[in-house]
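Student: Once you've had a glance at the structure underneath, I'll fire off some questions.
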Amino acid sequence: MVILGIETSCDETAAAVVDAERRILGEVVLSQLEEHRPFGGIVPEVAARSHLQHIDRLVAEAMKRAGLGFHQLDAVAATGGPGLIGGVIVGVMTGKALALASGKPFLAVNHLEGHALTARLTHGIDFPYLLLLASGGHCQLLAVEGVGRYTRLGTTIDDAAGEAFDKVAKMAGLGYPGGPLVEQAARVGDPARFTLPRPMKGKPGCDFSFSGLKNATRLLIESLPKPLSTQDGADVCAAFQIAVADSIADRTRRAIRDFKTRWPTGRHLVVAGGVAANTLLRQTLIRLGNDGGLEFLAPPLSLCTDNAAMIAWAGLERFRLGLVDGLDFAPRPRWPLDPHAKKVGFAGV
Ligand code: ATP
Ligand code: MG
Ligand code: FE
C-alpha cells in the first residue's frame with residue numbers, strides 16, 4: 001500500500017510518499033522561513049501564494065524520489081485543516097485534482113492527526129499513548145486511543161508554547177523564528193537571576209497558558225537598561241525557558257497520572273511539534289516519563305515539525321480502515337481532533 005501526502009497548512013510546503021511497511025519512499029519539505037522573516041512572523045497571503053507556486057514541483061519531486069508513477073499509488077492524502085485557510089485550499093485542491101486525474105481515492109487528513117500518529121510511523125508503537133503536541137500553533141496533551149479516536153486532556157487557553165518563544169525572541173530583539181534563538185541565548189544565561197511565573201502550575205486539569213508569562217517577560221525586558229545587553233538578554237531567555245519547561249512539566253505530570261488511570265495499558269509518552277527541539281524540555285520529559293512509568297519517545301526533529309510524511313502516514317492509517325473522503329470535502333480552518341472537548345478561544349483547536 002502506497003500513499004502520497006501533501007502538507008500546506010502553515011509555512012512548510014511538503015509532499016511525501018509512504019508505504020504500509022512504514023517506509024518513507026520519497027520526501028520533500030520546502031520551508032518558507034526566508035519569505036516570512038522580513039515580517040517577523042507568518043503572513044497568510046504570502047504563505048498561500050508560495051504554496052501555490054511550489055506544490056506541483058514538490059509533488060513531482062517526491063514521486064520521482066519514490067520512483068513511482070501516480071498510477072502506482074493507492075490513494076492521495078492532503079491536509080484538510082486546521083490551518084491557514086489559503087494554504088489548506090491549495091493542498092486540498094492539488095490532492096483532489098491528482099486523485100481525480102489518476103482515479104484514486106482522496107483522503108482529507110487532520111493536520112493534528114498527522115502529528116498524533118507520527119510515532120506509529122517512526123517507532124511502530126501500539127495504541128494507546130500519551131501525546132504532547134507543542135508547536136507554533138498548538139499546545140495540547142492528547143490520549144491517542146486509535147485512528148480517529150483522541151481524548152484531549154489539556155490545551156492552551158491562550159497562546160501556543162512555540163508562539164510564546166517567538167514573541168519573547170522578538171521582544172528581546174533576537175529575530176524569527178524564536179525558539180532556537182531563545183534556546184541558544186539561554187545557554188549562556190543564568191536561569192536563577194530573574195524569576196518568572198509558572199503559568200497554571202498546581203491548577204486542576206492539564207490546560208496550558210502562556211500569555212501571562214509572555215507579558216511578565218515583556219515587563220521584565222522593559223525594566224532593563226536599553227539597549228539590552230547580551231548578558232541581560234541571555235538571563236531573560238534562560239528565565240523564560242525554564243518557566244515554560246516547568247509549566248509544561250507540571251501539566252504533563254498531571255496528564256500522565258490521568259492517562260495511566262484511564263488507559264492503564266498505555267506505555268509511551270510521545271512528543272511532536274517544533275518545540276520538541278528544545279533540549280531542556282526533552283530532558284524534562286524524559287525524567288517525567290521515567291517517574292511516571294511511561295517510556296519517552298521523540299520522532300526525529302524533521303518529523304516533529306510540519307512535514308508531508310506524517311500526512312501520508314495518517315492517510316494510510318485511515319485508508320487501511322476504509323475511511324476515504326469525497327471530492328466535495330471542504331477545507332476546514334478549524335478542526336478539533338476531539339469533537340467533545342470544550343471549546344476554547346484558540347484557532348484550530
Ligand atoms: P503548527 O504545527 O501548529 O501548524 P508551526 O508550523 O508553527 O505550527 P512547527 O513548525 O511544528 O509549528 O514548530 C515551529 C515552532 O517551534 C516555532 O514556534 C518555533 O519557535 C518553535 N521551536 C523550534 N525550535 C525550538 C526550540 N529549540 N525551542 C523552543 N521552541 C522551538
Ligand atoms: Mg512550521
Ligand atoms: Fe504542525
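Letters A, B, ... go to the chains of the C-alpha cells in the order shown; residues in each chain start at 1; ligands are counted from 1 in the same order.
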Find the residues near Glu295 (chain A): any atom within 7 Å, counting only C-alpha atoms, skip ones fewer than 2 places away on the same chain, and give them as a list in words.

Tutor: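 Residues near the query, excluding close chain neighbours: Arg267, His268, Leu269, Gly289, Asn290, Gly293 and Leu297 of chain A.
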
Student: Can you tell me, as a VMD selection string, which residues in region 253-329 of chain A count as helix (DSSP H, G or I) by DSSP?

Tutor: chain A and resid 253 to 262 274 to 277 279 to 292 301 to 304 309 to 320

Student: With N, CA and C atoms kept, could you save the residues just selected as a compact mmCIF listing (two decimals), in the first residue's frame?

Tutor:
```txt
# COMPACT_ATOMS: atom_id res chain seq x y z
N ARG A 253 2.87 16.12 34.00
CA ARG A 253 2.87 15.20 35.14
C ARG A 253 1.43 14.82 35.50
N ARG A 254 0.56 15.81 35.52
CA ARG A 254 -0.86 15.54 35.82
C ARG A 254 -1.48 14.68 34.73
N ALA A 255 -1.12 14.98 33.47
CA ALA A 255 -1.70 14.23 32.35
C ALA A 255 -1.26 12.76 32.40
N ILE A 256 -0.01 12.53 32.81
CA ILE A 256 0.48 11.15 32.90
C ILE A 256 -0.35 10.38 33.94
N ARG A 257 -0.59 11.01 35.06
CA ARG A 257 -1.39 10.34 36.11
C ARG A 257 -2.79 10.03 35.59
N ASP A 258 -3.40 11.00 34.95
CA ASP A 258 -4.75 10.84 34.40
C ASP A 258 -4.75 9.73 33.35
N PHE A 259 -3.76 9.78 32.46
CA PHE A 259 -3.66 8.81 31.36
C PHE A 259 -3.48 7.39 31.91
N LYS A 260 -2.59 7.24 32.90
CA LYS A 260 -2.31 5.90 33.45
C LYS A 260 -3.56 5.32 34.13
N THR A 261 -4.37 6.19 34.70
CA THR A 261 -5.59 5.72 35.37
C THR A 261 -6.64 5.29 34.34
N ARG A 262 -6.79 6.12 33.30
CA ARG A 262 -7.87 5.86 32.34
C ARG A 262 -7.48 4.90 31.22
N GLY A 274 7.40 21.59 16.78
CA GLY A 274 8.73 22.19 16.73
C GLY A 274 9.35 22.45 18.09
N VAL A 275 8.54 22.69 19.12
CA VAL A 275 9.08 22.98 20.45
C VAL A 275 9.79 21.75 21.03
N ALA A 276 9.47 20.57 20.46
CA ALA A 276 10.14 19.33 20.88
C ALA A 276 11.64 19.37 20.61
N ALA A 277 12.09 20.37 19.83
CA ALA A 277 13.53 20.53 19.58
C ALA A 277 14.25 21.02 20.83
N THR A 279 16.04 21.33 24.09
CA THR A 279 16.78 20.34 24.87
C THR A 279 16.29 20.27 26.32
N LEU A 280 16.08 21.42 26.93
CA LEU A 280 15.61 21.43 28.33
C LEU A 280 14.26 20.73 28.44
N LEU A 281 13.38 20.99 27.47
CA LEU A 281 12.06 20.36 27.50
C LEU A 281 12.19 18.84 27.33
N ARG A 282 13.04 18.43 26.41
CA ARG A 282 13.25 16.99 26.19
C ARG A 282 13.74 16.30 27.45
N GLN A 283 14.76 16.92 28.09
CA GLN A 283 15.30 16.34 29.32
C GLN A 283 14.21 16.23 30.38
N THR A 284 13.39 17.28 30.46
CA THR A 284 12.30 17.30 31.44
C THR A 284 11.32 16.17 31.16
N LEU A 285 11.00 15.96 29.89
CA LEU A 285 10.00 14.94 29.54
C LEU A 285 10.53 13.52 29.77
N ILE A 286 11.82 13.33 29.51
CA ILE A 286 12.42 12.01 29.78
C ILE A 286 12.27 11.69 31.26
N ARG A 287 12.59 12.68 32.11
CA ARG A 287 12.50 12.49 33.56
C ARG A 287 11.05 12.22 33.98
N LEU A 288 10.13 13.00 33.43
CA LEU A 288 8.72 12.83 33.78
C LEU A 288 8.22 11.44 33.40
N GLY A 289 8.64 11.00 32.20
CA GLY A 289 8.25 9.67 31.73
C GLY A 289 8.77 8.60 32.68
N ASN A 290 10.06 8.71 33.03
CA ASN A 290 10.67 7.75 33.95
C ASN A 290 9.92 7.71 35.28
N ASP A 291 9.67 8.90 35.83
CA ASP A 291 8.98 8.98 37.13
C ASP A 291 7.56 8.42 37.05
N GLY A 292 6.91 8.64 35.90
CA GLY A 292 5.50 8.27 35.78
C GLY A 292 5.27 6.90 35.18
N LEU A 301 13.57 15.20 14.59
CA LEU A 301 13.02 16.55 14.53
C LEU A 301 12.32 16.88 13.22
N SER A 302 12.86 16.37 12.11
CA SER A 302 12.27 16.68 10.80
C SER A 302 10.85 16.13 10.70
N LEU A 303 10.52 15.14 11.53
CA LEU A 303 9.16 14.60 11.52
C LEU A 303 8.32 15.13 12.69
N CYS A 304 8.97 15.90 13.59
CA CYS A 304 8.22 16.58 14.66
C CYS A 304 7.61 17.86 14.11
N ALA A 309 5.21 13.50 5.28
CA ALA A 309 5.25 12.07 5.58
C ALA A 309 4.19 11.73 6.62
N MET A 310 4.01 12.65 7.58
CA MET A 310 3.00 12.38 8.63
C MET A 310 1.59 12.43 8.05
N ILE A 311 1.40 13.25 7.01
CA ILE A 311 0.07 13.34 6.40
C ILE A 311 -0.19 12.08 5.56
N ALA A 312 0.84 11.66 4.82
CA ALA A 312 0.71 10.42 4.04
C ALA A 312 0.44 9.24 4.98
N TRP A 313 1.18 9.21 6.11
CA TRP A 313 1.02 8.09 7.04
C TRP A 313 -0.38 8.08 7.68
N ALA A 314 -0.83 9.25 8.14
CA ALA A 314 -2.18 9.32 8.73
C ALA A 314 -3.21 8.93 7.68
N GLY A 315 -2.97 9.35 6.43
CA GLY A 315 -3.86 8.95 5.33
C GLY A 315 -3.86 7.44 5.17
N LEU A 316 -2.67 6.86 5.25
CA LEU A 316 -2.56 5.40 5.10
C LEU A 316 -3.31 4.67 6.22
N GLU A 317 -3.15 5.17 7.42
CA GLU A 317 -3.85 4.53 8.56
C GLU A 317 -5.36 4.61 8.36
N ARG A 318 -5.83 5.73 7.85
CA ARG A 318 -7.27 5.88 7.61
C ARG A 318 -7.72 5.00 6.45
N PHE A 319 -6.94 5.00 5.39
CA PHE A 319 -7.28 4.22 4.20
C PHE A 319 -7.38 2.73 4.53
N ARG A 320 -6.46 2.24 5.38
CA ARG A 320 -6.48 0.84 5.81
C ARG A 320 -7.80 0.48 6.47
```

Student: Could you tell me how far CA of Glu12 (chain A) lies from atom 6 (O, counted along the ligand's line) of ligand 1, in Å and to one decimal?

Tutor: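 Answer for the CA of Glu12 (chain A) to atom 6 (O, counted along the ligand's line) of ligand 1 separation: 7.1 Å.
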
Student: Using only C-alpha atoms, which protein or nucleic acid residues come within 6 Å of region 222-238 of chain A? Drop anything in the same chain fewer than 4 positions from it, and give the result as number ranges by chain.

Tutor: A: 182, 185-186, 189-191

Student: For the residues in that selection, give me N, CA and C atoms as a tab-separated table (two decimals), in the first residue's frame.

Tutor:
```tsv
chain	number	residue	atom	x	y	z
A	182	VAL	N	16.07	31.71	21.23
A	182	VAL	CA	15.92	31.83	22.69
A	182	VAL	C	16.73	30.74	23.38
A	185	ALA	N	20.43	31.61	23.21
A	185	ALA	CA	20.78	32.69	24.14
A	185	ALA	C	20.76	32.18	25.58
A	186	ALA	N	19.78	31.32	25.89
A	186	ALA	CA	19.61	30.82	27.26
A	186	ALA	C	20.82	29.99	27.72
A	189	GLY	N	22.91	32.00	29.70
A	189	GLY	CA	22.17	32.81	30.67
A	189	GLY	C	22.08	32.13	32.02
A	190	ASP	N	21.76	32.96	33.04
A	190	ASP	CA	21.57	32.45	34.40
A	190	ASP	C	20.07	32.34	34.67
A	191	PRO	N	19.53	31.11	34.74
A	191	PRO	CA	18.08	30.97	34.89
A	191	PRO	C	17.59	31.42	36.26
```

Student: With distances taken over only C-alpha atoms, which residue among A:Asp250, A:Asp74, A:Val144, A:Glu45 lies nearest Gly202 (chain A)?

Tutor: A:Asp250

Student: Which protein, DNA or RNA residues have an atom within 6 Å of ligand 1, counting only C-alpha atoms and all ligand atoms, as a ChimeraX atom specification?

Tutor: /A:10,135-138,162-163,165-166,177-180,183,273-275,277-278,305-306

Student: Keeping N, CA and C atoms for every residue in the selection just given, could you write it to a file as a compact mmCIF listing (two decimals), in the first residue's frame?

Tutor:
```txt
# COMPACT_ATOMS: atom_id res chain seq x y z
N CYS A 10 0.55 25.48 6.90
CA CYS A 10 1.20 26.57 7.63
C CYS A 10 2.28 27.19 6.75
N SER A 135 3.76 23.14 19.36
CA SER A 135 4.30 23.72 18.12
C SER A 135 4.03 25.22 18.11
N GLY A 136 4.19 25.83 16.93
CA GLY A 136 3.94 27.26 16.83
C GLY A 136 2.47 27.60 16.95
N GLY A 137 1.62 26.65 16.60
CA GLY A 137 0.18 26.92 16.59
C GLY A 137 -0.61 26.14 17.62
N HIS A 138 0.00 25.14 18.24
CA HIS A 138 -0.76 24.28 19.16
C HIS A 138 0.03 23.93 20.42
N GLY A 162 5.20 27.50 21.27
CA GLY A 162 6.13 28.00 20.25
C GLY A 162 5.89 29.47 19.94
N GLU A 163 4.62 29.84 19.96
CA GLU A 163 4.24 31.23 19.73
C GLU A 163 4.86 32.12 20.81
N PHE A 165 7.59 31.47 22.57
CA PHE A 165 9.03 31.55 22.26
C PHE A 165 9.27 32.60 21.18
N ASP A 166 8.45 32.58 20.14
CA ASP A 166 8.63 33.51 19.02
C ASP A 166 8.45 34.96 19.47
N PRO A 177 12.65 32.50 13.38
CA PRO A 177 11.74 32.07 14.45
C PRO A 177 12.46 31.99 15.79
N GLY A 178 11.70 32.22 16.84
CA GLY A 178 12.29 32.50 18.13
C GLY A 178 12.84 31.32 18.90
N GLY A 179 12.18 30.16 18.79
CA GLY A 179 12.55 29.02 19.64
C GLY A 179 14.05 28.74 19.68
N PRO A 180 14.66 28.46 18.53
CA PRO A 180 16.08 28.13 18.53
C PRO A 180 16.95 29.28 19.03
N GLU A 183 16.64 29.52 22.82
CA GLU A 183 17.38 28.41 23.43
C GLU A 183 18.89 28.68 23.40
N GLY A 273 5.81 18.37 17.31
CA GLY A 273 5.79 19.82 17.19
C GLY A 273 7.19 20.40 17.34
N GLY A 274 7.40 21.59 16.78
CA GLY A 274 8.73 22.19 16.73
C GLY A 274 9.35 22.45 18.09
N VAL A 275 8.54 22.69 19.12
CA VAL A 275 9.08 22.98 20.45
C VAL A 275 9.79 21.75 21.03
N ALA A 277 12.09 20.37 19.83
CA ALA A 277 13.53 20.53 19.58
C ALA A 277 14.25 21.02 20.83
N ASN A 278 13.51 21.60 21.76
CA ASN A 278 14.13 22.23 22.92
C ASN A 278 14.75 21.19 23.86
N THR A 305 8.38 18.57 13.26
CA THR A 305 7.84 19.80 12.67
C THR A 305 7.00 19.42 11.46
N ASP A 306 6.37 20.42 10.84
CA ASP A 306 5.42 20.12 9.76
C ASP A 306 6.11 19.43 8.58
```

Student: Which residue gives the smallest distance to ligand 2 among A:Ala134, A:Leu219, A:Met63, A:Ala192, with only C-alpha atoms and all ligand atoms counted?

Tutor: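 With only C-alpha atoms and all ligand atoms as the atom set, the closest residue is A:Ala134.
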
Student: Sorted by chain and rising residue number, which residues of region 132-192 of chain A lie within 12 Å of region 103-118 of chain A, and what are their closest atom pairs and distances in Å to one decimal, counting only C-alpha atoms, as JSON lines?

Tutor:
```
{"residue": "A:Leu132", "atom": "CA", "partner": "A:Ala116", "partner_atom": "CA", "distance": 8.8}
{"residue": "A:Leu133", "atom": "CA", "partner": "A:His115", "partner_atom": "CA", "distance": 7.5}
{"residue": "A:Ala134", "atom": "CA", "partner": "A:His115", "partner_atom": "CA", "distance": 10.0}
{"residue": "A:Ser135", "atom": "CA", "partner": "A:His115", "partner_atom": "CA", "distance": 10.1}
{"residue": "A:Gly137", "atom": "CA", "partner": "A:Leu112", "partner_atom": "CA", "distance": 10.5}
{"residue": "A:His138", "atom": "CA", "partner": "A:Leu112", "partner_atom": "CA", "distance": 8.9}
{"residue": "A:Cys139", "atom": "CA", "partner": "A:Leu112", "partner_atom": "CA", "distance": 10.8}
{"residue": "A:Gln140", "atom": "CA", "partner": "A:Leu112", "partner_atom": "CA", "distance": 10.0}
{"residue": "A:Leu141", "atom": "CA", "partner": "A:Ala116", "partner_atom": "CA", "distance": 10.2}
{"residue": "A:Leu142", "atom": "CA", "partner": "A:Ala116", "partner_atom": "CA", "distance": 8.3}
{"residue": "A:Ala143", "atom": "CA", "partner": "A:Ala116", "partner_atom": "CA", "distance": 9.4}
{"residue": "A:Val144", "atom": "CA", "partner": "A:Ala116", "partner_atom": "CA", "distance": 7.1}
{"residue": "A:Glu145", "atom": "CA", "partner": "A:Ala116", "partner_atom": "CA", "distance": 10.3}
{"residue": "A:Gly146", "atom": "CA", "partner": "A:Leu117", "partner_atom": "CA", "distance": 9.0}
{"residue": "A:Val147", "atom": "CA", "partner": "A:Leu117", "partner_atom": "CA", "distance": 8.0}
{"residue": "A:Gly148", "atom": "CA", "partner": "A:Glu113", "partner_atom": "CA", "distance": 7.6}
{"residue": "A:Arg149", "atom": "CA", "partner": "A:Glu113", "partner_atom": "CA", "distance": 9.5}
{"residue": "A:Tyr150", "atom": "CA", "partner": "A:Glu113", "partner_atom": "CA", "distance": 8.9}
{"residue": "A:Thr151", "atom": "CA", "partner": "A:Ala116", "partner_atom": "CA", "distance": 11.5}
{"residue": "A:Arg152", "atom": "CA", "partner": "A:Ala116", "partner_atom": "CA", "distance": 11.5}
```

Student: Could you take the residues named above and write them with C-alpha atoms, as a PDB file, in the first residue's frame?

Tutor:
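Result written to again-v6.pdb:
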```
ATOM      1  CA  LEU A 132       2.304  16.254  23.975  1.00  0.00           C
ATOM      2  CA  LEU A 133       1.914  18.373  20.855  1.00  0.00           C
ATOM      3  CA  ALA A 134       3.815  21.635  21.261  1.00  0.00           C
ATOM      4  CA  SER A 135       4.296  23.721  18.122  1.00  0.00           C
ATOM      5  CA  GLY A 137       0.182  26.921  16.591  1.00  0.00           C
ATOM      6  CA  HIS A 138      -0.758  24.278  19.162  1.00  0.00           C
ATOM      7  CA  CYS A 139      -0.106  23.124  22.689  1.00  0.00           C
ATOM      8  CA  GLN A 140      -2.136  20.090  23.693  1.00  0.00           C
ATOM      9  CA  LEU A 141      -1.988  16.876  25.675  1.00  0.00           C
ATOM     10  CA  LEU A 142      -3.902  14.062  23.986  1.00  0.00           C
ATOM     11  CA  ALA A 143      -4.652  10.443  24.744  1.00  0.00           C
ATOM     12  CA  VAL A 144      -4.231   8.758  21.356  1.00  0.00           C
ATOM     13  CA  GLU A 145      -6.570   5.759  21.553  1.00  0.00           C
ATOM     14  CA  GLY A 146      -6.826   4.794  17.908  1.00  0.00           C
ATOM     15  CA  VAL A 147      -7.171   6.240  14.412  1.00  0.00           C
ATOM     16  CA  GLY A 148      -9.775   8.997  14.727  1.00  0.00           C
ATOM     17  CA  ARG A 149     -10.012   8.378  18.474  1.00  0.00           C
ATOM     18  CA  TYR A 150      -8.461  11.098  20.582  1.00  0.00           C
ATOM     19  CA  THR A 151      -9.258  12.442  24.010  1.00  0.00           C
ATOM     20  CA  ARG A 152      -7.910  15.868  24.732  1.00  0.00           C
TER      21      ARG A 152
END
```
